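Student: First the structure, which I've put down as structure tokens, then a few questions once you've had a look.
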Amino acid sequence: MPNGHTLPFLNAYTFGFGEKSGFTRGKAWKWSLEQMALTTGCNAIILPVCAWQDHAYSTQMDSEGPDVMDAADVRAVCDHARSLGLKIILKAMVNCRDGYWRAYIRFFDQDVPTEACWGDWFASWEAHVCRVADMAEENKADLFCIGCETVGADSREKEWRKVIRSVRQRYRGPITYNCDKFQEDRLTWWDDLDIISSSGYYPIDALDENLQRIQRTAEKWGKPFLFMECGCPSRERSQYRPNDWRFGGATSPEAQKLWYEAFTEALIRYPFVRGTGWWDWSATRLYPAETAEDNNGYCTYGKPANEVLRRFAESLTKN
């Protein structure tokens with residue numbers, strides 16, 4: 001992939017974030033996935049397989065416990081998504097059980113005896129990523145993402161390159177890493193990946209300046225770029241701080257719509273962006289469409305922003 005224009009546009013929605021092992025034994029998730037494809041026009045899903053660690057300074061994570069979707073779940077979702085004509089992006093993630101954001105996972109730069117260290121954490125992380133890479137290969141995923149928003153670990157170049165080597169022994173498709181917003185020009189190991197990706201929760205009044213900065217980064221590394229995450233909650237003023245699900249006032253589908261209109265219009269102005277990962281569509285807990293006006297979360301189902309997404313998808317088919 002010598003440049004962004006060789007990558008077909010992946011208009012994806014994150015599906016099933018946080019689902020537990022065995023969730024596909026129920027029926028709700030199929031209907032939810034069908035509603036996503038039907039009402040948004042998206043052509044892909046991002047399926048996140050999330051491990052759990054107790055807190056931000058824990059070095060061990062649970063990758064195969066009851067709180068993590070298993071290989072059978074991934075297989076079921078991929079099969080149904082393919083039947084709907086959707087492309088598949090698998091994504092390895094980790095969350096902290098105490099509620100702290102994964103970006104705060106951090107240890108001493110140099111190992112100290114008796115203290116938690118990066119080597120132990122990366123050994124556990126690599127095992128999880130490789131497990132998900134095996135799923136990506138088994139299900140012929142179109143893209144595999146080796147991590148998400150682990151800002152505190154981004155500077156550990158040597159360890160990340162080792163993870164990438166292990167992944168390439170298991171998965172034959174293209175790989176990326178989902179860095180956090182404002183971090184695109186800070187990573188030093190993009191050359192080992194096929195695609196640059198980030199979380200695009202940028203304020204409505206700062207889209208152009210950040211897209212121009214990201215474009216310079218993509219051009220510097222000669223890599224395609226996509227937003228592995230992007231979106232905005234349905235709350236007053238959330239369009240000015242879309243990354244913060246706790247920020248804002250009363251429920252406001254209009255605020256979400258304003259951000260989606262501005263963001264999709266910006267994507268058209270900056271065609272170097274080759275994909276989106278809208279956040280996020282629940283697999284088993286999708287609210288009824290008739291209650292959408294009372295939902296202040298990120299999902300666009302039943303909200304005006306969903307119509308913006310549908311029009312955006314139609315515009316992609318015309319180009």
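Quick note on naming: the chains in the structure tokens go A, B, ... in the order shown, residues restart at 1 in each chain, and ligands are numbered from 1 in order of appearance.
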Give me the residues within 6 Å of Asp62 of chain A as a ChimeraX atom specification, counting only C-alpha atoms and dropping any in the same chain fewer than 3 places off.
Tutor: /A:51-52,65
Student: Extract, using only C-alpha atoms, all DNA, RNA and protein residues at most 7 Å from segment 90-98 of chain A, discarding same-chain residues fewer than 2 positions from it, and format them as a ChimeraX atom specification.
Tutor: /A:46-56,88,100-102,129,132,136,141,143-148
Student: Give me, as number ranges by chain, the residues of segment 142-281 of chain A that a backbone DSSP run labels alpha helix (DSSP H).
Tutor: A: 157-168, 207-221, 253-269
Student: Of the candidates A:Ala44, A:Ala133, A:Leu187, A:Ala153, which shows the shortest atom-to-atom distance to Ala12 of chain A, using only C-alpha atoms?
Tutor: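 Of A:Ala44, A:Ala133, A:Leu187, A:Ala153, the one nearest Ala12 of chain A is A:Ala44, counting only C-alpha atoms.
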Student: So that I can see what lies close to Leu86 of chain A, please list as a list in words the residues with an atom at most 9 Å from it, counting only C-alpha atoms and leaving out residues fewer than 6 positions away in the same chain.
Tutor: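 Contacts, in chain order: Ala12, Ala37, Cys42, Asn43, Ala44, Ile45, Cys78 and His80 of chain A.
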Student: Quick one: write out the picked residues with all heavy atoms as a compact mmCIF listing (two decimals), in the first residue's frame?
Tutor:
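Okay, selection_2.txt is ready:
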# COMPACT_ATOMS: atom_id res chain seq x y z
N ALA A 12 -16.63 1.85 8.57
CA ALA A 12 -16.92 0.81 9.55
C ALA A 12 -17.60 1.38 10.79
O ALA A 12 -17.47 2.57 11.11
CB ALA A 12 -15.64 0.09 9.96
N ALA A 37 -26.18 -2.37 9.52
CA ALA A 37 -25.90 -2.39 8.09
C ALA A 37 -27.01 -1.71 7.29
O ALA A 37 -26.74 -0.95 6.35
CB ALA A 37 -25.72 -3.83 7.62
N CYS A 42 -23.01 1.45 6.30
CA CYS A 42 -21.59 1.13 6.50
C CYS A 42 -21.24 -0.17 5.77
O CYS A 42 -22.07 -1.07 5.61
CB CYS A 42 -21.28 0.98 7.99
SG CYS A 42 -21.21 2.57 8.88
N ASN A 43 -19.98 -0.25 5.34
CA ASN A 43 -19.56 -1.42 4.57
C ASN A 43 -18.62 -2.34 5.34
O ASN A 43 -18.05 -3.27 4.78
CB ASN A 43 -18.89 -0.99 3.26
CG ASN A 43 -17.61 -0.19 3.47
OD1 ASN A 43 -17.08 -0.11 4.58
ND2 ASN A 43 -17.12 0.42 2.40
N ALA A 44 -18.45 -2.08 6.65
CA ALA A 44 -17.52 -2.88 7.45
C ALA A 44 -17.88 -2.77 8.93
O ALA A 44 -18.58 -1.84 9.35
CB ALA A 44 -16.08 -2.42 7.23
N ILE A 45 -17.40 -3.73 9.70
CA ILE A 45 -17.49 -3.64 11.15
C ILE A 45 -16.10 -3.76 11.74
O ILE A 45 -15.20 -4.38 11.15
CB ILE A 45 -18.40 -4.71 11.77
CG1 ILE A 45 -17.86 -6.13 11.50
CG2 ILE A 45 -19.83 -4.56 11.31
CD1 ILE A 45 -18.50 -7.19 12.38
N CYS A 78 -18.30 -12.78 12.44
CA CYS A 78 -17.66 -12.64 11.13
C CYS A 78 -18.50 -13.32 10.04
O CYS A 78 -18.67 -12.76 8.94
CB CYS A 78 -16.26 -13.22 11.17
SG CYS A 78 -15.07 -12.23 12.12
N HIS A 80 -21.75 -13.87 10.00
CA HIS A 80 -22.98 -13.13 9.72
C HIS A 80 -22.66 -11.81 9.02
O HIS A 80 -23.39 -11.40 8.10
CB HIS A 80 -23.75 -12.88 11.00
CG HIS A 80 -25.17 -12.45 10.77
ND1 HIS A 80 -26.03 -13.13 9.93
CD2 HIS A 80 -25.88 -11.38 11.23
CE1 HIS A 80 -27.20 -12.52 9.90
NE2 HIS A 80 -27.14 -11.45 10.68
Student: Can you work out which one of A:Tyr240, A:Trp31, A:Phe272, A:Trp279 has the shortest atom-to-atom distance to Gly222 of chain A, counting only C-alpha atoms?
Tutor: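 Nearest candidate to Gly222 of chain A out of A:Tyr240, A:Trp31, A:Phe272, A:Trp279: A:Phe272.
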Student: Using only C-alpha atoms, which residues sit within 10 Å of segment 284-286 of chain A once same-chain residues fewer than 6 positions away are excluded, as a list in words?
Tutor: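 Returned residues: Phe15, Gly16, Glu19, Phe23, Thr24, Gly26, Lys27, Ala28, Trp29, Lys30, Trp31, Ser32, Leu33, Gln35, Ala292, Cys299 and Tyr301 of chain A.
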Student: Can I get the selection written as a CSV table (one decimal), in the first residue's frame, with C-alpha atoms?
Tutor:
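Printed below is again_11.csv as written:
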chain,number,residue,atom,x,y,z
A,15,PHE,CA,-19.7,-3.5,17.0
A,16,GLY,CA,-19.9,-5.5,20.2
A,19,GLU,CA,-19.4,-8.2,25.0
A,23,PHE,CA,-22.9,-13.6,23.7
A,24,THR,CA,-23.6,-15.0,20.2
A,26,GLY,CA,-28.5,-15.4,22.0
A,27,LYS,CA,-30.4,-13.8,19.1
A,28,ALA,CA,-30.3,-10.1,19.7
A,29,TRP,CA,-26.9,-9.5,18.2
A,30,LYS,CA,-27.9,-10.6,14.7
A,31,TRP,CA,-30.8,-8.2,14.6
A,32,SER,CA,-28.6,-5.4,15.9
A,33,LEU,CA,-25.9,-6.1,13.3
A,35,GLN,CA,-30.0,-2.8,11.8
A,292,ALA,CA,-33.3,7.2,20.7
A,299,CYS,CA,-24.6,5.2,19.1
A,301,TYR,CA,-29.3,4.4,16.0
Student: In terms of the shortest atom-to-atom distance over only C-alpha atoms, which of A:Gly41, A:Cys179, A:Cys117, A:Lys87 is closest to Ala103 of chain A?
Tutor: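 Among A:Gly41, A:Cys179, A:Cys117, A:Lys87, it is A:Cys179 that comes nearest to Ala103 of chain A.
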Student: For Gln256 of chain A, which residue out of A:Arg274, A:Arg186, A:Lys303, A:Arg82 is the nearest one, using only C-alpha atoms?
Tutor: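 Between A:Arg274, A:Arg186, A:Lys303, A:Arg82, the residue approaching Gln256 of chain A most closely is A:Lys303.
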Student: Compile the contact shell of Asn295 of chain A as a list in words: residues with an atom at most 12 Å away, counting only C-alpha atoms, same-chain residues fewer than 3 positions apart removed.
Tutor: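 Once the adjacent positions are removed, what remains is Pro233, Ser234, Arg235, Ala250, Thr251, Ser252, Pro253, Glu254, Gln256, Leu286, Tyr287, Pro288, Ala289, Glu290, Thr291, Ala292, Tyr298, Cys299, Thr300, Tyr301, Gly302 and Lys303 of chain A.
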Student: Restricting it to N, CA and C atoms, dump the selection as an mmCIF file, in the first residue's frame.
Tutor:
data_model
loop_
_atom_site.group_PDB
_atom_site.id
_atom_site.type_symbol
_atom_site.label_atom_id
_atom_site.label_comp_id
_atom_site.auth_asym_id
_atom_site.auth_seq_id
_atom_site.Cartn_x
_atom_site.Cartn_y
_atom_site.Cartn_z
ATOM 1 N N PRO A 233 -20.935 11.938 21.405
ATOM 2 C CA PRO A 233 -22.146 11.636 22.170
ATOM 3 C C PRO A 233 -23.294 12.586 21.825
ATOM 4 N N SER A 234 -24.477 12.240 22.299
ATOM 5 C CA SER A 234 -25.672 13.064 22.063
ATOM 6 C C SER A 234 -25.931 13.935 23.286
ATOM 7 N N ARG A 235 -25.074 14.923 23.497
ATOM 8 C CA ARG A 235 -25.196 15.806 24.646
ATOM 9 C C ARG A 235 -24.878 17.238 24.240
ATOM 10 N N ALA A 250 -27.599 18.496 28.821
ATOM 11 C CA ALA A 250 -28.760 17.648 28.580
ATOM 12 C C ALA A 250 -28.604 16.848 27.291
ATOM 13 N N THR A 251 -29.382 15.787 27.188
ATOM 14 C CA THR A 251 -29.379 14.970 25.972
ATOM 15 C C THR A 251 -29.701 15.828 24.755
ATOM 16 N N SER A 252 -28.869 15.691 23.705
ATOM 17 C CA SER A 252 -29.037 16.534 22.524
ATOM 18 C C SER A 252 -28.617 15.782 21.258
ATOM 19 N N PRO A 253 -29.550 15.077 20.626
ATOM 20 C CA PRO A 253 -29.226 14.468 19.327
ATOM 21 C C PRO A 253 -28.774 15.500 18.298
ATOM 22 N N GLU A 254 -29.203 16.750 18.457
ATOM 23 C CA GLU A 254 -28.817 17.793 17.513
ATOM 24 C C GLU A 254 -27.323 18.086 17.596
ATOM 25 N N GLN A 256 -24.990 15.989 18.427
ATOM 26 C CA GLN A 256 -24.332 14.868 17.742
ATOM 27 C C GLN A 256 -24.422 15.036 16.228
ATOM 28 N N LEU A 286 -28.735 -2.908 22.320
ATOM 29 C CA LEU A 286 -29.168 -1.792 21.487
ATOM 30 C C LEU A 286 -30.541 -1.309 21.959
ATOM 31 N N TYR A 287 -30.645 -0.020 22.222
ATOM 32 C CA TYR A 287 -31.904 0.552 22.705
ATOM 33 C C TYR A 287 -32.956 0.547 21.587
ATOM 34 N N PRO A 288 -34.241 0.544 21.932
ATOM 35 C CA PRO A 288 -35.285 0.633 20.909
ATOM 36 C C PRO A 288 -35.213 1.970 20.174
ATOM 37 N N ALA A 289 -35.447 1.956 18.879
ATOM 38 C CA ALA A 289 -35.342 3.183 18.086
ATOM 39 C C ALA A 289 -36.262 4.276 18.605
ATOM 40 N N GLU A 290 -37.429 3.898 19.146
ATOM 41 C CA GLU A 290 -38.377 4.908 19.620
ATOM 42 C C GLU A 290 -37.906 5.623 20.879
ATOM 43 N N THR A 291 -36.852 5.125 21.528
ATOM 44 C CA THR A 291 -36.305 5.807 22.710
ATOM 45 C C THR A 291 -35.015 6.551 22.391
ATOM 46 N N ALA A 292 -34.639 6.620 21.120
ATOM 47 C CA ALA A 292 -33.349 7.207 20.733
ATOM 48 C C ALA A 292 -33.197 8.653 21.201
ATOM 49 N N TYR A 298 -23.016 7.457 22.395
ATOM 50 C CA TYR A 298 -22.377 7.619 21.090
ATOM 51 C C TYR A 298 -23.173 7.007 19.941
ATOM 52 N N CYS A 299 -23.897 5.934 20.205
ATOM 53 C CA CYS A 299 -24.572 5.226 19.123
ATOM 54 C C CYS A 299 -25.539 6.158 18.399
ATOM 55 N N THR A 300 -25.595 6.024 17.085
ATOM 56 C CA THR A 300 -26.432 6.915 16.268
ATOM 57 C C THR A 300 -27.790 6.309 15.930
ATOM 58 N N TYR A 301 -28.045 5.103 16.345
ATOM 59 C CA TYR A 301 -29.276 4.411 15.957
ATOM 60 C C TYR A 301 -30.514 5.238 16.307
ATOM 61 N N GLY A 302 -31.363 5.453 15.310
ATOM 62 C CA GLY A 302 -32.605 6.175 15.526
ATOM 63 C C GLY A 302 -32.466 7.668 15.712
ATOM 64 N N LYS A 303 -31.248 8.197 15.551
ATOM 65 C CA LYS A 303 -30.984 9.617 15.773
ATOM 66 C C LYS A 303 -30.706 10.318 14.436
#
Student: Write out as a CSV table (one decimal) with N, CA and C atoms, in the first residue's frame the residues lying within 10 Å of Phe122 of chain A, counting only C-alpha atoms and excluding same-chain residues fewer than 3 positions away.
Tutor:
chain,number,residue,atom,x,y,z
A,59,THR,N,0.3,-6.1,35.6
A,59,THR,CA,1.1,-6.6,34.5
A,59,THR,C,0.4,-7.9,33.9
A,60,GLN,N,-0.7,-8.3,34.4
A,60,GLN,CA,-1.3,-9.5,33.9
A,60,GLN,C,-2.7,-9.2,33.5
A,117,CYS,N,6.9,-4.2,35.8
A,117,CYS,CA,7.8,-3.7,34.7
A,117,CYS,C,7.1,-4.0,33.4
A,118,TRP,N,7.6,-3.2,32.4
A,118,TRP,CA,7.1,-3.3,31.0
A,118,TRP,C,7.2,-4.7,30.4
A,119,GLY,N,8.3,-5.4,30.7
A,119,GLY,CA,8.5,-6.7,30.1
A,119,GLY,C,7.4,-7.7,30.5
A,125,TRP,N,0.4,-8.9,27.1
A,125,TRP,CA,-0.2,-8.2,26.0
A,125,TRP,C,0.0,-9.0,24.7
A,126,GLU,N,1.3,-9.4,24.5
A,126,GLU,CA,1.6,-10.0,23.2
A,126,GLU,C,0.8,-11.3,23.1
A,127,ALA,N,0.6,-12.0,24.2
A,127,ALA,CA,-0.1,-13.3,24.2
A,127,ALA,C,-1.6,-13.0,23.7
A,128,HIS,N,-2.2,-11.9,24.3
A,128,HIS,CA,-3.5,-11.6,23.9
A,128,HIS,C,-3.6,-11.2,22.4
A,129,VAL,N,-2.7,-10.3,22.0
A,129,VAL,CA,-2.7,-9.9,20.6
A,129,VAL,C,-2.5,-11.0,19.6
A,153,ALA,N,2.2,3.3,26.7
A,153,ALA,CA,3.1,2.3,26.2
A,153,ALA,C,3.6,2.7,24.8
A,156,ARG,N,7.4,2.6,23.9
A,156,ARG,CA,8.1,1.4,24.0
A,156,ARG,C,8.3,0.7,22.6
A,159,GLU,N,9.5,-3.1,22.2
A,159,GLU,CA,8.5,-4.1,22.6
A,159,GLU,C,7.4,-4.2,21.5
A,160,TRP,N,7.0,-3.0,21.0
A,160,TRP,CA,6.0,-3.0,19.9
A,160,TRP,C,6.4,-3.7,18.7
A,162,LYS,N,8.5,-6.1,18.5
A,162,LYS,CA,8.5,-7.5,18.8
A,162,LYS,C,7.0,-8.1,18.6
A,163,VAL,N,6.1,-7.3,19.1
A,163,VAL,CA,4.7,-7.8,19.0
A,163,VAL,C,4.3,-7.9,17.5
Student: Which of these, A:Thr14, A:Ser198, A:Gln239, A:Thr150, has the shortest distance to Thr176 of chain A once you count only C-alpha atoms?
Tutor: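 Selected residue with least distance to Thr176 of chain A: A:Ser198.
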Student: Find the residues around Arg269 of chain A up to 12 Å (only C-alpha atoms counted), leave out those fewer than 4 positions away in its own chain, and share them as a PyMOL selection string.
Tutor: chain A and resi 207-208+211-212+215+262-265+273
Student: Now that the selection is made, can you save its residues with N, CA, C and O atoms as a JSON list (two decimals), in the first residue's frame?
Tutor:
[["chain", "number", "residue", "atom", "x", "y", "z"],
["A", 207, "LEU", "N", -11.27, 20.67, 13.28],
["A", 207, "LEU", "CA", -11.13, 19.54, 12.36],
["A", 207, "LEU", "C", -10.07, 19.78, 11.30],
["A", 207, "LEU", "O", -9.22, 18.92, 11.05],
["A", 208, "ASP", "N", -10.10, 20.94, 10.67],
["A", 208, "ASP", "CA", -9.15, 21.19, 9.58],
["A", 208, "ASP", "C", -7.71, 21.19, 10.06],
["A", 208, "ASP", "O", -6.84, 20.57, 9.43],
["A", 211, "LEU", "N", -6.70, 17.53, 10.78],
["A", 211, "LEU", "CA", -6.60, 16.71, 9.57],
["A", 211, "LEU", "C", -5.38, 17.10, 8.75],
["A", 211, "LEU", "O", -4.71, 16.24, 8.15],
["A", 212, "GLN", "N", -5.05, 18.37, 8.70],
["A", 212, "GLN", "CA", -3.85, 18.79, 7.99],
["A", 212, "GLN", "C", -2.59, 18.26, 8.68],
["A", 212, "GLN", "O", -1.64, 17.82, 8.00],
["A", 215, "GLN", "N", -2.41, 14.56, 7.93],
["A", 215, "GLN", "CA", -2.02, 14.33, 6.54],
["A", 215, "GLN", "C", -0.51, 14.45, 6.38],
["A", 215, "GLN", "O", 0.12, 13.65, 5.67],
["A", 262, "ALA", "N", -20.27, 17.97, 10.28],
["A", 262, "ALA", "CA", -18.97, 18.63, 10.10],
["A", 262, "ALA", "C", -17.87, 17.62, 9.81],
["A", 262, "ALA", "O", -17.00, 17.84, 8.95],
["A", 263, "PHE", "N", -17.90, 16.49, 10.51],
["A", 263, "PHE", "CA", -16.84, 15.50, 10.36],
["A", 263, "PHE", "C", -16.90, 14.83, 8.99],
["A", 263, "PHE", "O", -15.87, 14.66, 8.31],
["A", 264, "THR", "N", -18.09, 14.42, 8.55],
["A", 264, "THR", "CA", -18.19, 13.76, 7.24],
["A", 264, "THR", "C", -17.87, 14.74, 6.11],
["A", 264, "THR", "O", -17.28, 14.35, 5.10],
["A", 265, "GLU", "N", -18.25, 16.00, 6.26],
["A", 265, "GLU", "CA", -17.88, 17.00, 5.26],
["A", 265, "GLU", "C", -16.36, 17.17, 5.21],
["A", 265, "GLU", "O", -15.78, 17.34, 4.13],
["A", 273, "VAL", "N", -7.82, 10.44, 3.95],
["A", 273, "VAL", "CA", -8.42, 9.56, 4.97],
["A", 273, "VAL", "C", -9.16, 8.45, 4.25],
["A", 273, "VAL", "O", -10.05, 8.69, 3.44]]
Student: How far is it from atom CA of Lys20 of chain A to atom CA of Ser83 of chain A, in Å with one decimal?
Tutor: 22.9 Å
Student: Give the answer as one residue: which of A:Asp120, A:Arg168, A:Asn139, A:Arg106 has the shortest atom-to-atom distance to Asp154 of chain A, using only C-alpha atoms?
Tutor: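 Closest candidate: A:Arg106.
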